Amino acid sequence: MTETLTLRRPDDWHLHLRDGAVLRAVLPETARHFARAIVMPNLVPPVMTAADARAYRDRILAALPADMSFEPLMTLYLTEDTDPDDVVSAHAEGLVTAVKLYPAGATTNSASGVRDFGRVSGVLERMAEAGVPLCVHGEVTDPDIDIFDREAVFIDRVLDPIRRATPGLRVIMEHVTTADAVDYVTSAARDLGATITTHHLVINRNHILAGGIRPHYYCLPVAKREAHRRALRAAATSGDPRFFLGTDSAPHVDAAKETACGCAGIFTATNTLSILAHVFEEDGALDRLEGFASLHGPAFYGLAPNADTITLKKGAPTACPERIETADGPVTVFDPGFDLHWRVA
Ligand code: DOR
Ligand code: ZN
């Protein structure tokens with residue numbers, strides 16, 4: 001049995017770092033293990049312009065402990081008023097790595113997102129020409145569509161029409177949660193990739209709802225049935241380079257989760273790699289963890305993999321903090337429901 005596993009240092013291709021006190025508390029949890037991350041722009045107000053991205057990147061770097069290194073890969077929040085010239089020049093100068101599409105109302109701080117997809121076709125065409133990737137939160141917001149169906153319906157009604165209308169646009173379907181999304185990605189050409197979170201490989205909708213309501217397992221897109229979780233496991237462990245890690249680690253203080261109307265988001269930065277090693281070992285795919293966590297993402301984004309490595313060791317169950325303290329209150333760390341034997345050495 002393998003007891004030591006050395007990988008190229010991983011990156012996180014979908015991460016929420018927030019701002020202020022929460023940023024200061026959660027950033028080291030990611031920077032300890034990951035070299036880079038695609039940083040989500042859904043602050044209040046959102047990161048909408050190159051100037052916003054520059055200021056946010058500077059706040060992230062100022063919050064980084066002096067003995068850690070980390071490269072935030074910045075994103076711009078797409079609105080119906082986004083200026084294509086601002087996007088293209090920010091990408092050309094290396095300030096911005098991708099643009100994020102939130103359907104308005106789909107999730108946390110998405111009110112400024114897109115309502116009429118026809119109104120962003122111009123900027124998407126410019127992005128396709130200039131090679132700027134589009135990260136997509138793939139859920140419709142129509143109240144008539146059942147929340148468990150919103151991802152599958154988005155593919156048919158929004159994503160596929162956008163991709164057909166915008167040849168050459170590189171799209172990342174983020175945090176896929178369904179077999180429908182896995183099938184769509186595998187049936188597409190190499191211009192479509194998908195990130196998969198740690199928690200969607202572990203939980204299904206029973207974890208949220210059976211035997212009591214568990215707010216720390218609530219996120220968006222919401223976890224689906226077991227058959228979908230299995231499809232995600234198969235995709236993540238398949239070695240297919242179109243699937244890669246985006247944790248969607250999304251801290252909310254406990255007071256905002258454990259309430260009558262709790263926020264969506266699961267915080268996994270702290271124990272993601274231990275959980276992934278467990279999952280990949282369980283599926284007989286430990287040799288494919290490096291592809292998923294460290295190689296496929298940079299390849300899709302046209303970046304080099306990290307030069308250095310991390311080593312995981314397997315042993316007695318490792319203790320993981322149950323929560324991270326922040327000056328705004330505690331943030332609960334995702335509990336996978338099993339002991340973790342792998343730890344980053
Ligand atoms: O669960 C989620 N939390 N899903 C998202 O799309 C946003 C995120 C957040 O910002 O908290
Ligand atoms: Zn997210």
# chains A, B, ... in the order shown; residues from 1 in each chain; ligands from 1
call {"tool": "residues_near_ligand", "arguments": {"ligand": "ligand 2", "cutoff": "12 Å", "atoms": "only C-alpha atoms and all ligand atoms", "output": "PyMOL selection string"}}
result
chain A and resi 12-18+38-43+75+100-102+106-110+135-138+173-176+195-197+219-222+246-251+264-268
call {"tool": "write_last_selection", "arguments": {"atoms": "N, CA and C atoms", "output": "CSV table (one decimal), in the first residue's frame"}}
result
chain,number,residue,atom,x,y,z
A,12,ASP,N,-5.9,25.8,-7.0
A,12,ASP,CA,-7.4,25.7,-6.8
A,12,ASP,C,-8.0,26.6,-7.9
A,13,TRP,N,-8.8,26.0,-8.8
A,13,TRP,CA,-9.3,26.7,-9.9
A,13,TRP,C,-10.7,27.3,-9.7
A,14,HIS,N,-11.0,27.4,-8.4
A,14,HIS,CA,-12.3,28.2,-8.0
A,14,HIS,C,-12.3,28.4,-6.5
A,15,LEU,N,-12.1,29.6,-6.1
A,15,LEU,CA,-11.9,29.8,-4.6
A,15,LEU,C,-12.5,31.2,-4.3
A,16,HIS,N,-13.2,31.2,-3.1
A,16,HIS,CA,-13.7,32.5,-2.5
A,16,HIS,C,-12.7,32.8,-1.3
A,17,LEU,N,-12.1,34.0,-1.4
A,17,LEU,CA,-11.3,34.5,-0.4
A,17,LEU,C,-11.9,35.6,0.5
A,18,ARG,N,-13.0,36.2,0.0
A,18,ARG,CA,-13.6,37.3,0.7
A,18,ARG,C,-12.6,38.5,0.9
A,38,ILE,N,-7.8,30.6,-8.7
A,38,ILE,CA,-8.7,31.5,-9.4
A,38,ILE,C,-9.6,32.1,-8.3
A,39,VAL,N,-9.5,33.4,-8.2
A,39,VAL,CA,-10.2,34.0,-7.0
A,39,VAL,C,-11.5,34.6,-7.5
A,40,MET,N,-12.6,34.2,-6.9
A,40,MET,CA,-13.9,34.6,-7.3
A,40,MET,C,-14.2,36.1,-7.0
A,41,PRO,N,-14.9,36.8,-7.9
A,41,PRO,CA,-15.1,38.3,-7.7
A,41,PRO,C,-16.4,38.7,-7.0
A,42,ASN,N,-17.1,37.8,-6.4
A,42,ASN,CA,-18.4,38.1,-5.9
A,42,ASN,C,-18.3,38.8,-4.5
A,43,LEU,N,-17.5,39.9,-4.4
A,43,LEU,CA,-17.5,40.7,-3.2
A,43,LEU,C,-18.7,41.6,-3.2
A,75,THR,N,-10.2,37.4,-11.3
A,75,THR,CA,-11.3,37.3,-12.3
A,75,THR,C,-12.2,38.6,-12.2
A,100,LYS,N,-16.0,35.9,-14.9
A,100,LYS,CA,-16.9,35.1,-14.3
A,100,LYS,C,-18.4,35.5,-14.6
A,101,LEU,N,-19.1,34.5,-15.1
A,101,LEU,CA,-20.5,34.8,-15.4
A,101,LEU,C,-21.4,34.2,-14.3
A,102,TYR,N,-22.1,35.1,-13.6
A,102,TYR,CA,-23.2,34.7,-12.7
A,102,TYR,C,-24.5,35.1,-13.3
A,106,ALA,N,-28.5,33.9,-9.0
A,106,ALA,CA,-28.2,32.4,-8.9
A,106,ALA,C,-27.6,32.0,-7.5
A,107,THR,N,-26.8,33.0,-6.9
A,107,THR,CA,-26.1,32.6,-5.7
A,107,THR,C,-25.7,33.8,-4.9
A,108,THR,N,-24.8,33.6,-4.0
A,108,THR,CA,-24.3,34.6,-3.1
A,108,THR,C,-23.8,35.8,-3.9
A,109,ASN,N,-24.3,37.0,-3.6
A,109,ASN,CA,-23.8,38.3,-4.2
A,109,ASN,C,-23.8,38.2,-5.8
A,110,SER,N,-24.9,37.7,-6.3
A,110,SER,CA,-25.0,37.6,-7.8
A,110,SER,C,-26.0,38.6,-8.4
A,135,CYS,N,-15.5,31.7,-16.9
A,135,CYS,CA,-15.9,30.8,-15.9
A,135,CYS,C,-17.4,30.9,-15.7
A,136,VAL,N,-18.2,29.9,-15.6
A,136,VAL,CA,-19.6,30.0,-15.6
A,136,VAL,C,-20.2,29.3,-14.3
A,137,HIS,N,-21.1,30.1,-13.6
A,137,HIS,CA,-21.9,29.5,-12.6
A,137,HIS,C,-23.2,28.9,-13.4
A,138,GLY,N,-23.3,27.6,-13.5
A,138,GLY,CA,-24.2,27.1,-14.5
A,138,GLY,C,-25.5,26.7,-13.8
A,173,MET,N,-17.1,25.2,-17.0
A,173,MET,CA,-18.3,25.0,-16.2
A,173,MET,C,-17.9,24.7,-14.8
A,174,GLU,N,-18.2,25.6,-13.9
A,174,GLU,CA,-17.7,25.5,-12.6
A,174,GLU,C,-18.6,24.6,-11.7
A,175,HIS,N,-17.9,24.0,-10.7
A,175,HIS,CA,-18.5,23.2,-9.7
A,175,HIS,C,-19.7,22.4,-10.2
A,176,VAL,N,-19.4,21.5,-11.2
A,176,VAL,CA,-20.4,20.7,-11.8
A,176,VAL,C,-21.0,19.7,-10.7
A,195,THR,N,-14.7,22.3,-13.5
A,195,THR,CA,-14.2,22.1,-12.1
A,195,THR,C,-15.1,21.3,-11.3
A,196,ILE,N,-14.5,20.5,-10.4
A,196,ILE,CA,-15.3,19.7,-9.4
A,196,ILE,C,-14.8,20.1,-8.0
A,197,THR,N,-15.8,20.2,-7.1
A,197,THR,CA,-15.4,20.6,-5.7
A,197,THR,C,-15.0,19.3,-5.0
A,219,CYS,N,-24.7,24.3,-0.1
A,219,CYS,CA,-24.0,25.2,-1.0
A,219,CYS,C,-24.8,25.3,-2.3
A,220,LEU,N,-24.3,26.1,-3.3
A,220,LEU,CA,-24.9,26.1,-4.6
A,220,LEU,C,-23.8,25.9,-5.7
A,221,PRO,N,-24.0,25.2,-6.7
A,221,PRO,CA,-25.2,24.3,-6.8
A,221,PRO,C,-25.3,23.3,-5.7
A,222,VAL,N,-26.6,23.1,-5.3
A,222,VAL,CA,-26.8,22.2,-4.1
A,222,VAL,C,-26.4,20.8,-4.6
A,246,GLY,N,-11.6,22.6,-8.5
A,246,GLY,CA,-11.9,23.9,-8.1
A,246,GLY,C,-12.7,23.7,-6.8
A,247,THR,N,-12.1,24.1,-5.7
A,247,THR,CA,-12.8,23.6,-4.4
A,247,THR,C,-14.1,24.4,-4.1
A,248,ASP,N,-14.2,25.6,-4.7
A,248,ASP,CA,-15.3,26.5,-4.3
A,248,ASP,C,-15.4,26.6,-2.8
A,249,SER,N,-14.2,26.5,-2.2
A,249,SER,CA,-14.2,26.8,-0.7
A,249,SER,C,-14.8,28.2,-0.5
A,250,ALA,N,-15.8,28.3,0.3
A,250,ALA,CA,-16.6,29.5,0.4
A,250,ALA,C,-17.0,29.8,1.8
A,251,PRO,N,-16.1,30.5,2.5
A,251,PRO,CA,-16.3,30.7,3.9
A,251,PRO,C,-17.5,31.7,4.2
A,264,ALA,N,-25.3,30.0,1.4
A,264,ALA,CA,-24.8,28.9,0.6
A,264,ALA,C,-23.2,29.0,0.7
A,265,GLY,N,-22.6,27.9,1.0
A,265,GLY,CA,-21.1,27.9,0.9
A,265,GLY,C,-20.5,26.9,1.9
A,266,ILE,N,-19.5,26.1,1.4
A,266,ILE,CA,-18.9,25.1,2.2
A,266,ILE,C,-17.4,25.4,2.2
A,267,PHE,N,-16.8,25.5,3.4
A,267,PHE,CA,-15.4,25.9,3.6
A,267,PHE,C,-14.5,24.6,3.7
A,268,THR,N,-13.7,24.4,2.6
A,268,THR,CA,-12.9,23.1,2.5
A,268,THR,C,-11.4,23.4,2.4
call {"tool": "residues_around", "arguments": {"residues": "A:Leu273", "least_positions_apart": "3", "cutoff": "8 Å", "atoms": "only C-alpha atoms", "output": "list in words"}}
result
Leu276, Ala277, Arg343 and Val344 of chain A
call {"tool": "closest_residue", "arguments": {"among": "A:Arg24, A:His33, A:His296, A:His200", "to": "ligand 1", "atoms": "only C-alpha atoms and all ligand atoms"}}
result
A:His200
call {"tool": "closest_residue", "arguments": {"among": "A:Glu139, A:Asp149, A:Asp328, A:Glu93", "to": "ligand 1", "atoms": "only C-alpha atoms and all ligand atoms"}}
result
A:Glu139
call {"tool": "residues_around", "arguments": {"residues": "A:Ala345", "least_positions_apart": "6", "cutoff": "9 Å", "atoms": "only C-alpha atoms", "output": "mmCIF file with N, CA, C and O atoms, in the first residue's frame"}}
result
data_model
loop_
_atom_site.group_PDB
_atom_site.id
_atom_site.type_symbol
_atom_site.label_atom_id
_atom_site.label_comp_id
_atom_site.auth_asym_id
_atom_site.auth_seq_id
_atom_site.Cartn_x
_atom_site.Cartn_y
_atom_site.Cartn_z
ATOM 1 N N ILE A 310 4.404 18.832 -3.337
ATOM 2 C CA ILE A 310 4.006 18.593 -1.955
ATOM 3 C C ILE A 310 3.982 17.079 -1.741
ATOM 4 O O ILE A 310 3.816 16.323 -2.702
ATOM 5 N N THR A 311 4.125 16.677 -0.507
ATOM 6 C CA THR A 311 4.081 15.251 -0.189
ATOM 7 C C THR A 311 2.981 14.996 0.825
ATOM 8 O O THR A 311 2.864 15.713 1.826
ATOM 9 N N LEU A 312 2.173 13.982 0.527
ATOM 10 C CA LEU A 312 1.143 13.537 1.469
ATOM 11 C C LEU A 312 1.612 12.231 2.084
ATOM 12 O O LEU A 312 2.188 11.383 1.403
ATOM 13 N N LYS A 313 1.343 12.098 3.381
ATOM 14 C CA LYS A 313 1.706 10.854 4.064
ATOM 15 C C LYS A 313 0.471 10.257 4.695
ATOM 16 O O LYS A 313 -0.394 10.967 5.195
#
call {"tool": "closest_residue", "arguments": {"among": "A:Ala98, A:Leu64, A:Ala51, A:Leu245", "to": "A:Gly297", "atoms": "only C-alpha atoms"}}
result
A:Leu245
call {"tool": "atom_distance", "arguments": {"atom1": "atom CA of A:Asp86", "atom2": "atom CA of A:Val171"}}
result
19.4 Å
call {"tool": "select_by_dssp", "arguments": {"residues": "stretch 77-182 of chain A", "states": "alpha helix (DSSP H)", "output": "PDB file with C-alpha atoms, in the first residue's frame"}}
result
ATOM      1  CA  PRO A  84     -14.841  44.633 -23.507  1.00  0.00           C
ATOM      2  CA  ASP A  85     -11.745  46.848 -23.872  1.00  0.00           C
ATOM      3  CA  ASP A  86     -11.200  46.815 -20.106  1.00  0.00           C
ATOM      4  CA  VAL A  87     -11.443  43.003 -20.027  1.00  0.00           C
ATOM      5  CA  VAL A  88      -9.125  42.428 -22.967  1.00  0.00           C
ATOM      6  CA  SER A  89      -6.462  44.862 -21.773  1.00  0.00           C
ATOM      7  CA  ALA A  90      -6.559  43.525 -18.188  1.00  0.00           C
ATOM      8  CA  HIS A  91      -6.079  39.997 -19.538  1.00  0.00           C
ATOM      9  CA  ALA A  92      -3.305  41.054 -21.931  1.00  0.00           C
ATOM     10  CA  SER A 121     -22.701  38.500 -26.545  1.00  0.00           C
ATOM     11  CA  GLY A 122     -20.411  41.339 -27.669  1.00  0.00           C
ATOM     12  CA  VAL A 123     -18.025  40.998 -24.759  1.00  0.00           C
ATOM     13  CA  LEU A 124     -18.023  37.189 -25.093  1.00  0.00           C
ATOM     14  CA  GLU A 125     -17.055  37.505 -28.769  1.00  0.00           C
ATOM     15  CA  ARG A 126     -14.167  39.800 -27.852  1.00  0.00           C
ATOM     16  CA  MET A 127     -13.087  37.331 -25.159  1.00  0.00           C
ATOM     17  CA  ALA A 128     -13.114  34.477 -27.670  1.00  0.00           C
ATOM     18  CA  GLU A 129     -10.916  36.505 -30.062  1.00  0.00           C
ATOM     19  CA  ALA A 130      -8.495  37.483 -27.304  1.00  0.00           C
ATOM     20  CA  ARG A 150     -31.289  24.096 -12.464  1.00  0.00           C
ATOM     21  CA  GLU A 151     -27.875  22.947 -13.687  1.00  0.00           C
ATOM     22  CA  ALA A 152     -29.202  20.542 -16.311  1.00  0.00           C
ATOM     23  CA  VAL A 153     -31.672  23.141 -17.608  1.00  0.00           C
ATOM     24  CA  PHE A 154     -28.920  25.782 -17.764  1.00  0.00           C
ATOM     25  CA  ASP A 160     -25.060  25.417 -25.167  1.00  0.00           C
ATOM     26  CA  PRO A 161     -26.576  28.391 -27.068  1.00  0.00           C
ATOM     27  CA  ILE A 162     -23.759  30.669 -25.804  1.00  0.00           C
ATOM     28  CA  ARG A 163     -21.087  28.195 -26.895  1.00  0.00           C
ATOM     29  CA  ARG A 164     -22.664  27.725 -30.336  1.00  0.00           C
ATOM     30  CA  ALA A 165     -22.951  31.495 -30.809  1.00  0.00           C
ATOM     31  CA  ALA A 179     -24.197  13.474 -14.504  1.00  0.00           C
ATOM     32  CA  ASP A 180     -25.812  15.743 -17.133  1.00  0.00           C
ATOM     33  CA  ALA A 181     -22.946  18.221 -16.819  1.00  0.00           C
ATOM     34  CA  VAL A 182     -20.324  15.471 -16.895  1.00  0.00           C
TER      35      VAL A 182
END
call {"tool": "closest_residue", "arguments": {"among": "A:His252, A:Ala231, A:Cys261, A:Pro133", "to": "ligand 1", "atoms": "only C-alpha atoms and all ligand atoms"}}
result
A:His252
call {"tool": "atom_distance", "arguments": {"atom1": "atom CA of A:Ala55", "atom2": "atom CA of A:Phe117"}}
result
28.0 Å
call {"tool": "closest_residue", "arguments": {"among": "A:Asn306, A:Gly211, A:Gly329, A:Phe34", "to": "A:Ser69", "atoms": "only C-alpha atoms"}}
result
A:Phe34
call {"tool": "closest_residue", "arguments": {"among": "A:Val47, A:Ala25, A:Leu134, A:Cys263", "to": "ligand 1", "atoms": "only C-alpha atoms and all ligand atoms"}}
result
A:Cys263
call {"tool": "residues_around", "arguments": {"residues": "stretch 235-238 of chain A", "least_positions_apart": "3", "cutoff": "7 Å", "atoms": "only C-alpha atoms", "output": "list in words"}}
result
Val182, Ala231, Leu232, Phe243, Phe244, Phe280, Ala285, Arg288 and Phe292 of chain A
